[in-house]
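Novice: Following this message is one structure expressed as structure tokens.
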Amino acid sequence: MARAEALGEDLASENRLLRRIIEVTSSDLDVREASGRVAALVTEATGSDVCFVHVVEEDRGRVVLAGATPPFDELAGTVELAIGEGVAGWVAQHAEPAVVPDKWNDDRYRYIPALRGEDYVSLVSVPMLAHGRVVGVLNVHSKQQRSYGERDLALLTQVANLLARTIEKARLYNRLAEREEMLEAFAARTVEAQELERRRLSGEIHDGIGQRLVSLWYHLLAAEDAAGADETLRRELAVAKELATAALQETRSAITGLRPSVLDDLGLAAGLESLGRSIPGLEVELDVDVSAERLPAHVEVALYRIAQEALQNVVKHASASKVRIALHVVDGTTRLTVDDDGRGFAQHRLASAEERHSYGIVGMQERAELIGATLTVVSSTGEGTRVEVVVPGTR
Ligand SMILES: Nc1ncnc2c1ncn2[C@@H]1O[C@H](COP(=O)(O)OP(=O)(O)OP(=O)(O)O)[C@@H](O)[C@H]1O
Ligand SMILES: [Mg+2]
């Protein structure tokens with residue numbers, strides 16, 4: 001009867017332990033903190049003196065201390081073994097537990113001064129398994145010599161596998177965060193490369209065609225002087241001069257379009273304002289949050305280019321009388337809209353836009369995707385058109 005009661009009590013305390021371990025491992029703690037808490041619970045529950053949680057770093061072939069009962073928790077991240085080295089390394093390599101009643105008589109044991117190996121005699125070491133892979137090793141030591149039995153082993157195995165999930169989760173999360181960072185860097189590089197190319201082009205137009213048009217214009221002036229009283233010649237030269245002037249103006253506006261230096265200097269809000277001012281014959285309403293914090297450069301460039309294309313579409317297709325450009329940042333989310341009151345278009349026509357070799361809207365979509373934003377174009381015949389980009393807040 002007494003034995004059965006003791007067993008019942010043991011079971012109850014095991015359940016309590018497992019419940020608390022589940023609480024710890026399913027909370028949002030990082031690996032180090034969760035390991036520390038689990039180590040404390042395990043030490044107490046198994047009547048041991050110290051517990052170490054090691055994490056396997058497969059790519060480096062190492063087993064690294066991730067958490068422990070104090071004071072060893074301070075050493076997290078600083079103590080490591082090769083996979084195969086020491087008892088923890090052996091367990092990581094073989095994916096099976098090791099019960100070591102007297103470590104001084106076990107070849108696998110490796111003395112680590114920082115972990116005060118001389119203070120402890122017995123230990124048990126179990127692998128932490130997630131999806132069949134060893135992601136870590138749980139070690140429990142005691143000062144007194146003892147032999148850890150089947151029940152200890154069964155309990156520790158359950159604890160180890162619960163903690164394995166936390167480690168796996170943290171690893172996936174880190175990998176995801178890394179990938180996201182890479183993606184962001186890629187977007188920034190791509191936008192930068194596009195802008196560099198545009199700058200190169202604008203420089204070439206300026207120094208090439210631009211300069212030649214200027215000298216053409218001077219030659220036309222000189223020819224006018226030399227034309228004397230020849231009216232026909234003078235009229236032809238006047239037309240030629242007008243054409244040269246128009247070409248020069250177009251070149252200048254192409255250069256400005258290619259290189260929005262206002263963005264570098266004053267930011268997106270100012271960039272949008274200057275875009276708005278550059279549209280002839282259209283009432284432009286600007287509702288731009290000038291206090292908006294500067295966004296990352298590649299995001300500003302992408303939004304500017306999207307607004308530029310949207311406005312070009314208004315000028316080219318909408319026959320609108322009014323266009324509204326709005327930029328707002330609310331709770332970290334940036335929203336840019338370009339609205340016109342023009343003729344609009346039936347959106348099913350967009351499906352064939354690629355075949356018709358029109359890249360404006362496709363390009364806007366691509367730019368938005370690159371910076372992790374979503375772009376929507378809403379239009380129907382006679383109802384005007386609205387282009388909206390939403391950039392979710394950065395973490
Ligand atoms: N604001 C708008 N008002 C009316 N129609 C529009 C508007 N924006 C786009 N469209 C219609 O959608 C079509 C696709 O636009 P998109 O910008 O992709 O191509 P595009 O302007 O014709 O050519 P590209 O931009 O490649 O020079 C346009 O041809 C036009 O019919
Ligand atoms: Mg277009």
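Naming works like this for the structure tokens: A, B, ... for the chains as they're shown, residue 1 at the start of each chain, ligands 1 onward in shown order.
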Using only C-alpha atoms and all ligand atoms, determine which residues fall within 6 Å of ligand 1, then list them as a PyMOL selection string.
Specialist: chain A and resi 313-314+317-318+342-345+353+358-362+385
Novice: Identify, on the basis of only C-alpha atoms, every residue whose closest approach to A:Glu192 does not exceed 9 Å; exclude the query and any residue fewer than 3 positions from it along the same chain; express the result as a PDB file with all heavy atoms, in the first residue's frame.
Specialist:
ATOM      1  N   ALA A 187      16.346  43.227 -52.473  1.00  0.00           N
ATOM      2  CA  ALA A 187      15.469  44.281 -53.008  1.00  0.00           C
ATOM      3  C   ALA A 187      16.229  45.599 -53.067  1.00  0.00           C
ATOM      4  O   ALA A 187      16.180  46.309 -54.076  1.00  0.00           O
ATOM      5  CB  ALA A 187      14.235  44.419 -52.131  1.00  0.00           C
ATOM      6  N   ALA A 188      16.951  45.914 -51.999  1.00  0.00           N
ATOM      7  CA  ALA A 188      17.686  47.171 -51.963  1.00  0.00           C
ATOM      8  C   ALA A 188      18.721  47.208 -53.081  1.00  0.00           C
ATOM      9  O   ALA A 188      18.871  48.208 -53.785  1.00  0.00           O
ATOM     10  CB  ALA A 188      18.357  47.345 -50.606  1.00  0.00           C
ATOM     11  N   ARG A 189      19.425  46.080 -53.272  1.00  0.00           N
ATOM     12  CA  ARG A 189      20.465  46.043 -54.311  1.00  0.00           C
ATOM     13  C   ARG A 189      19.853  46.182 -55.695  1.00  0.00           C
ATOM     14  O   ARG A 189      20.380  46.871 -56.563  1.00  0.00           O
ATOM     15  CB  ARG A 189      21.237  44.724 -54.238  1.00  0.00           C
ATOM     16  CG  ARG A 189      22.406  44.746 -53.285  1.00  0.00           C
ATOM     17  CD  ARG A 189      23.417  43.664 -53.639  1.00  0.00           C
ATOM     18  NE  ARG A 189      22.808  42.367 -53.847  1.00  0.00           N
ATOM     19  CZ  ARG A 189      22.503  41.518 -52.875  1.00  0.00           C
ATOM     20  NH1 ARG A 189      22.766  41.822 -51.637  1.00  0.00           N
ATOM     21  NH2 ARG A 189      21.948  40.353 -53.151  1.00  0.00           N
ATOM     22  N   GLU A 195      18.506  52.147 -60.337  1.00  0.00           N
ATOM     23  CA  GLU A 195      18.710  53.599 -60.257  1.00  0.00           C
ATOM     24  C   GLU A 195      20.061  54.001 -60.828  1.00  0.00           C
ATOM     25  O   GLU A 195      20.189  55.020 -61.495  1.00  0.00           O
ATOM     26  CB  GLU A 195      18.578  54.077 -58.805  1.00  0.00           C
ATOM     27  CG  GLU A 195      17.154  54.031 -58.296  1.00  0.00           C
ATOM     28  CD  GLU A 195      16.172  54.833 -59.153  1.00  0.00           C
ATOM     29  OE1 GLU A 195      16.363  56.048 -59.316  1.00  0.00           O
ATOM     30  OE2 GLU A 195      15.212  54.230 -59.680  1.00  0.00           O
ATOM     31  N   LEU A 196      21.074  53.171 -60.549  1.00  0.00           N
ATOM     32  CA  LEU A 196      22.407  53.459 -61.090  1.00  0.00           C
ATOM     33  C   LEU A 196      22.369  53.485 -62.610  1.00  0.00           C
ATOM     34  O   LEU A 196      22.936  54.372 -63.249  1.00  0.00           O
ATOM     35  CB  LEU A 196      23.382  52.368 -60.654  1.00  0.00           C
ATOM     36  CG  LEU A 196      24.264  52.705 -59.470  1.00  0.00           C
ATOM     37  CD1 LEU A 196      25.093  51.497 -59.079  1.00  0.00           C
ATOM     38  CD2 LEU A 196      25.184  53.886 -59.815  1.00  0.00           C
ATOM     39  N   GLU A 197      21.662  52.494 -63.159  1.00  0.00           N
ATOM     40  CA  GLU A 197      21.557  52.405 -64.610  1.00  0.00           C
ATOM     41  C   GLU A 197      20.842  53.646 -65.169  1.00  0.00           C
ATOM     42  O   GLU A 197      21.235  54.208 -66.170  1.00  0.00           O
ATOM     43  CB  GLU A 197      20.799  51.116 -64.964  1.00  0.00           C
ATOM     44  CG  GLU A 197      20.598  50.864 -66.432  1.00  0.00           C
ATOM     45  CD  GLU A 197      21.886  50.806 -67.238  1.00  0.00           C
ATOM     46  OE1 GLU A 197      22.967  50.714 -66.620  1.00  0.00           O
ATOM     47  OE2 GLU A 197      21.815  50.898 -68.473  1.00  0.00           O
ATOM     48  N   ALA A 297      15.896  53.929 -48.414  1.00  0.00           N
ATOM     49  CA  ALA A 297      16.049  54.559 -49.732  1.00  0.00           C
ATOM     50  C   ALA A 297      15.376  53.757 -50.848  1.00  0.00           C
ATOM     51  O   ALA A 297      14.687  54.328 -51.696  1.00  0.00           O
ATOM     52  CB  ALA A 297      17.528  54.758 -50.042  1.00  0.00           C
ATOM     53  N   HIS A 298      15.547  52.421 -50.821  1.00  0.00           N
ATOM     54  CA  HIS A 298      14.994  51.658 -51.947  1.00  0.00           C
ATOM     55  C   HIS A 298      13.466  51.650 -51.927  1.00  0.00           C
ATOM     56  O   HIS A 298      12.838  51.553 -52.974  1.00  0.00           O
ATOM     57  CB  HIS A 298      15.576  50.245 -51.988  1.00  0.00           C
ATOM     58  CG  HIS A 298      15.157  49.374 -50.846  1.00  0.00           C
ATOM     59  ND1 HIS A 298      15.654  49.519 -49.577  1.00  0.00           N
ATOM     60  CD2 HIS A 298      14.273  48.356 -50.784  1.00  0.00           C
ATOM     61  CE1 HIS A 298      15.105  48.616 -48.796  1.00  0.00           C
ATOM     62  NE2 HIS A 298      14.262  47.901 -49.497  1.00  0.00           N
ATOM     63  N   VAL A 301      12.437  55.069 -53.425  1.00  0.00           N
ATOM     64  CA  VAL A 301      12.600  55.069 -54.881  1.00  0.00           C
ATOM     65  C   VAL A 301      11.467  54.285 -55.531  1.00  0.00           C
ATOM     66  O   VAL A 301      10.855  54.740 -56.502  1.00  0.00           O
ATOM     67  CB  VAL A 301      13.971  54.469 -55.283  1.00  0.00           C
ATOM     68  CG1 VAL A 301      14.029  54.259 -56.788  1.00  0.00           C
ATOM     69  CG2 VAL A 301      15.108  55.367 -54.832  1.00  0.00           C
TER      70      VAL A 301
END
Novice: Just the residues within 8 Å of stretch 153-166 of chain A, please, counting only C-alpha atoms, with nothing from its chain fewer than 4 positions along; format it as a list in words.
Specialist: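 Within the cut-off, the hits are Glu14, Leu18, Ile21, Ile22, Thr25, Ser26, Val31, Ala34, Ser35, Val38, Val42, Pro97, Val124, Val126, Pro127, Met128, Leu129, Ala130, Val135, Gly136, Val137, Leu138, Tyr148, Gly149 and Ala170 of chain A.
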Novice: Stretch 182-233 of chain A: which residues are alpha helix (DSSP H) by DSSP, as number ranges by chain?
Specialist: A: 182-205, 211-226, 231-233
Novice: What parts of stretch 314-374 of chain A does DSSP call strand (DSSP E or B)? I'd like the answer as a ChimeraX atom specification.
Specialist: /A:322-330,333-340,374
Novice: Could you dump the residues just selected with C-alpha atoms as a PDB file, in the first residue's frame?
Specialist:
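For reference, out.pdb as written:
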ATOM      1  CA  LYS A 322      -8.196  66.171 -61.494  1.00  0.00           C
ATOM      2  CA  VAL A 323      -5.715  63.866 -59.850  1.00  0.00           C
ATOM      3  CA  ARG A 324      -5.056  63.329 -56.173  1.00  0.00           C
ATOM      4  CA  ILE A 325      -1.774  62.048 -54.756  1.00  0.00           C
ATOM      5  CA  ALA A 326      -1.880  60.903 -51.144  1.00  0.00           C
ATOM      6  CA  LEU A 327       0.831  59.542 -48.888  1.00  0.00           C
ATOM      7  CA  HIS A 328       0.159  58.566 -45.286  1.00  0.00           C
ATOM      8  CA  VAL A 329       1.975  56.575 -42.667  1.00  0.00           C
ATOM      9  CA  VAL A 330      -0.254  55.092 -39.972  1.00  0.00           C
ATOM     10  CA  THR A 333       2.109  51.160 -42.569  1.00  0.00           C
ATOM     11  CA  THR A 334       2.744  53.412 -45.551  1.00  0.00           C
ATOM     12  CA  ARG A 335      -0.066  53.967 -48.029  1.00  0.00           C
ATOM     13  CA  LEU A 336       0.367  55.750 -51.341  1.00  0.00           C
ATOM     14  CA  THR A 337      -2.594  56.407 -53.610  1.00  0.00           C
ATOM     15  CA  VAL A 338      -2.968  58.101 -56.964  1.00  0.00           C
ATOM     16  CA  ASP A 339      -6.614  58.800 -57.862  1.00  0.00           C
ATOM     17  CA  ASP A 340      -7.973  60.360 -61.010  1.00  0.00           C
ATOM     18  CA  THR A 374       0.904  45.172 -52.354  1.00  0.00           C
TER      19      THR A 374
END
Novice: Residues near stretch 81-89 of chain A, anyone? I mean within 9 Å using only C-alpha atoms, not counting same-chain ones fewer than 6 positions away, as a list in words.
Specialist: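 That gives His54, Val56, Glu57, Glu58, Arg60, Gly61, Arg62, Val63, Val64, Leu65, Ala98, Val100, Asp106, Asp107, Arg108, Tyr109, Arg110, Tyr111, Val124, Ser125, Val126, Pro127, Gly136, Val137, Leu138 and Asn139 of chain A.
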Novice: Tell me which of A:Val315, A:Ala246, A:Ala66, A:His94 sits closest to ligand 2, counting only C-alpha atoms and all ligand atoms.
Specialist: A:Val315
Novice: Quick one: pull the distance between atom CA of A:Ala373 and atom CA of A:Pro280, Å, one decimal.
Specialist: 29.6 Å
Novice: What is the distance between atom CA of A:Val284 and atom CA of A:Tyr304, in Å to one decimal?
Specialist: 16.1 Å
Novice: So which one's closest to A:Glu168, A:His206, A:Arg133, A:Arg116, A:Arg32? Using only C-alpha atoms, please.
Specialist: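 The answer is A:Arg133, which sits nearest to A:Glu168.
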Novice: Nearest to ligand 2 among A:Gln308, A:Thr256, A:Ser261, A:Thr251, with distances taken over only C-alpha atoms and all ligand atoms: which residue is it?
Specialist: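 Comparing A:Gln308, A:Thr256, A:Ser261, A:Thr251 against ligand 2, the winner is A:Gln308.
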Novice: Would you compute the distance between atom CA of A:Glu33 and atom CA of A:Ala177? Give it in Å to one decimal.
Specialist: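 Atom-to-atom, atom CA of A:Glu33 and atom CA of A:Ala177 are spaced 19.7 Å apart.
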Novice: Neighbours of A:Tyr218 within 12 Å (only C-alpha atoms; same-chain residues fewer than 4 positions away dropped), as a list in words?
Specialist: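 The neighbour list is Gln211, Arg212, Leu213, Val214, Ala222, Ala223, Glu224, Asp225, Leu237, Ala240, Lys241, Ala244 and Thr245 of chain A.
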Novice: Now that the selection is made, can you save its residues with all heavy atoms as a short mmCIF file (atom, residue, chain, number, x, y, z; two decimals), in the first residue's frame?
Specialist:
data_model
loop_
_atom_site.label_atom_id
_atom_site.label_comp_id
_atom_site.auth_asym_id
_atom_site.auth_seq_id
_atom_site.Cartn_x
_atom_site.Cartn_y
_atom_site.Cartn_z
N GLN A 211 24.18 67.90 -75.26
CA GLN A 211 25.23 68.83 -75.71
C GLN A 211 25.14 69.08 -77.21
O GLN A 211 25.31 70.20 -77.68
CB GLN A 211 26.63 68.28 -75.37
CG GLN A 211 26.89 68.08 -73.90
CD GLN A 211 26.75 69.37 -73.11
OE1 GLN A 211 26.54 70.44 -73.67
NE2 GLN A 211 26.82 69.26 -71.80
N ARG A 212 24.85 68.03 -77.97
CA ARG A 212 24.76 68.19 -79.42
C ARG A 212 23.59 69.10 -79.80
O ARG A 212 23.70 69.91 -80.72
CB ARG A 212 24.61 66.84 -80.10
CG ARG A 212 25.95 66.15 -80.21
CD ARG A 212 25.82 64.76 -80.77
NE ARG A 212 27.03 64.01 -80.46
CZ ARG A 212 28.13 64.07 -81.20
NH1 ARG A 212 28.16 64.83 -82.29
NH2 ARG A 212 29.20 63.39 -80.86
N LEU A 213 22.49 68.97 -79.08
CA LEU A 213 21.34 69.83 -79.37
C LEU A 213 21.68 71.29 -79.07
O LEU A 213 21.29 72.19 -79.82
CB LEU A 213 20.12 69.40 -78.55
CG LEU A 213 19.39 68.15 -79.06
CD1 LEU A 213 18.32 67.72 -78.08
CD2 LEU A 213 18.78 68.44 -80.44
N VAL A 214 22.42 71.52 -77.99
CA VAL A 214 22.81 72.89 -77.65
C VAL A 214 23.68 73.47 -78.78
O VAL A 214 23.46 74.58 -79.26
CB VAL A 214 23.56 72.94 -76.29
CG1 VAL A 214 24.15 74.32 -76.06
CG2 VAL A 214 22.61 72.58 -75.16
N ALA A 222 23.63 81.05 -85.79
CA ALA A 222 24.63 81.61 -86.72
C ALA A 222 24.10 81.60 -88.15
O ALA A 222 24.28 82.56 -88.91
CB ALA A 222 25.93 80.80 -86.62
N ALA A 223 23.39 80.52 -88.52
CA ALA A 223 22.84 80.41 -89.88
C ALA A 223 21.81 81.52 -90.10
O ALA A 223 21.73 82.11 -91.18
CB ALA A 223 22.21 79.04 -90.08
N GLU A 224 21.03 81.81 -89.06
CA GLU A 224 20.02 82.86 -89.16
C GLU A 224 20.68 84.20 -89.46
O GLU A 224 20.21 84.96 -90.30
CB GLU A 224 19.27 82.94 -87.83
CG GLU A 224 17.79 83.18 -87.99
CD GLU A 224 17.08 83.12 -86.63
OE1 GLU A 224 17.76 83.36 -85.59
OE2 GLU A 224 15.90 82.81 -86.60
N ASP A 225 21.80 84.44 -88.73
CA ASP A 225 22.55 85.67 -88.98
C ASP A 225 23.02 85.75 -90.43
O ASP A 225 22.97 86.80 -91.06
CB ASP A 225 23.79 85.74 -88.05
CG ASP A 225 23.40 86.31 -86.70
OD1 ASP A 225 22.26 86.83 -86.60
OD2 ASP A 225 24.21 86.20 -85.75
N LEU A 237 14.61 78.19 -90.94
CA LEU A 237 15.53 78.18 -89.80
C LEU A 237 14.77 78.39 -88.49
O LEU A 237 15.11 77.80 -87.46
CB LEU A 237 16.61 79.25 -89.98
CG LEU A 237 17.72 78.86 -90.97
CD1 LEU A 237 18.64 80.06 -91.25
CD2 LEU A 237 18.54 77.69 -90.43
N ALA A 240 13.31 75.17 -87.58
CA ALA A 240 14.38 74.28 -87.10
C ALA A 240 14.77 74.64 -85.66
O ALA A 240 15.01 73.76 -84.82
CB ALA A 240 15.59 74.36 -88.02
N LYS A 241 14.82 75.94 -85.38
CA LYS A 241 15.18 76.38 -84.03
C LYS A 241 14.13 75.93 -83.01
O LYS A 241 14.44 75.48 -81.92
CB LYS A 241 15.32 77.91 -84.00
CG LYS A 241 16.76 78.38 -83.95
CD LYS A 241 16.88 79.87 -84.12
CE LYS A 241 16.19 80.63 -83.00
NZ LYS A 241 16.12 82.07 -83.28
N ALA A 244 14.56 72.35 -82.36
CA ALA A 244 15.74 72.09 -81.51
C ALA A 244 15.42 72.42 -80.05
O ALA A 244 15.80 71.69 -79.14
CB ALA A 244 16.93 72.91 -82.00
N THR A 245 14.68 73.53 -79.84
CA THR A 245 14.33 73.92 -78.47
C THR A 245 13.43 72.86 -77.83
O THR A 245 13.63 72.45 -76.68
CB THR A 245 13.58 75.27 -78.48
OG1 THR A 245 14.35 76.19 -79.24
CG2 THR A 245 13.39 75.81 -77.07
#
Novice: With only C-alpha atoms as the basis for distance, which of A:Gln365, A:Asp28, A:Arg200, A:Leu243 is at the shortest distance from A:Tyr173?
Specialist: A:Asp28
Novice: Do you know which residues are at most 12 Å from A:Leu375 counting only C-alpha atoms, after dropping those on the same chain fewer than 5 positions away, and could you put them as a list in words?
Specialist: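 My reading of the contact set: Ala302, Leu303, Ile306, Ala307, Ala310, Thr334, Arg335, Leu336, Thr337, Val338, Ile361, Val362, Gly363, Met364, Gln365, Glu366, Arg367, Ala368, Glu369, Leu370, Arg386, Val387, Glu388, Val389, Val390, Val391 and Pro392 of chain A.
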Novice: For A:Arg294, find every residue with an atom within 8 Å (counting only C-alpha atoms), except residues of its own chain fewer than 5 positions away, and show them as a VMD selection string.
Specialist: chain A and resid 267 to 268 300
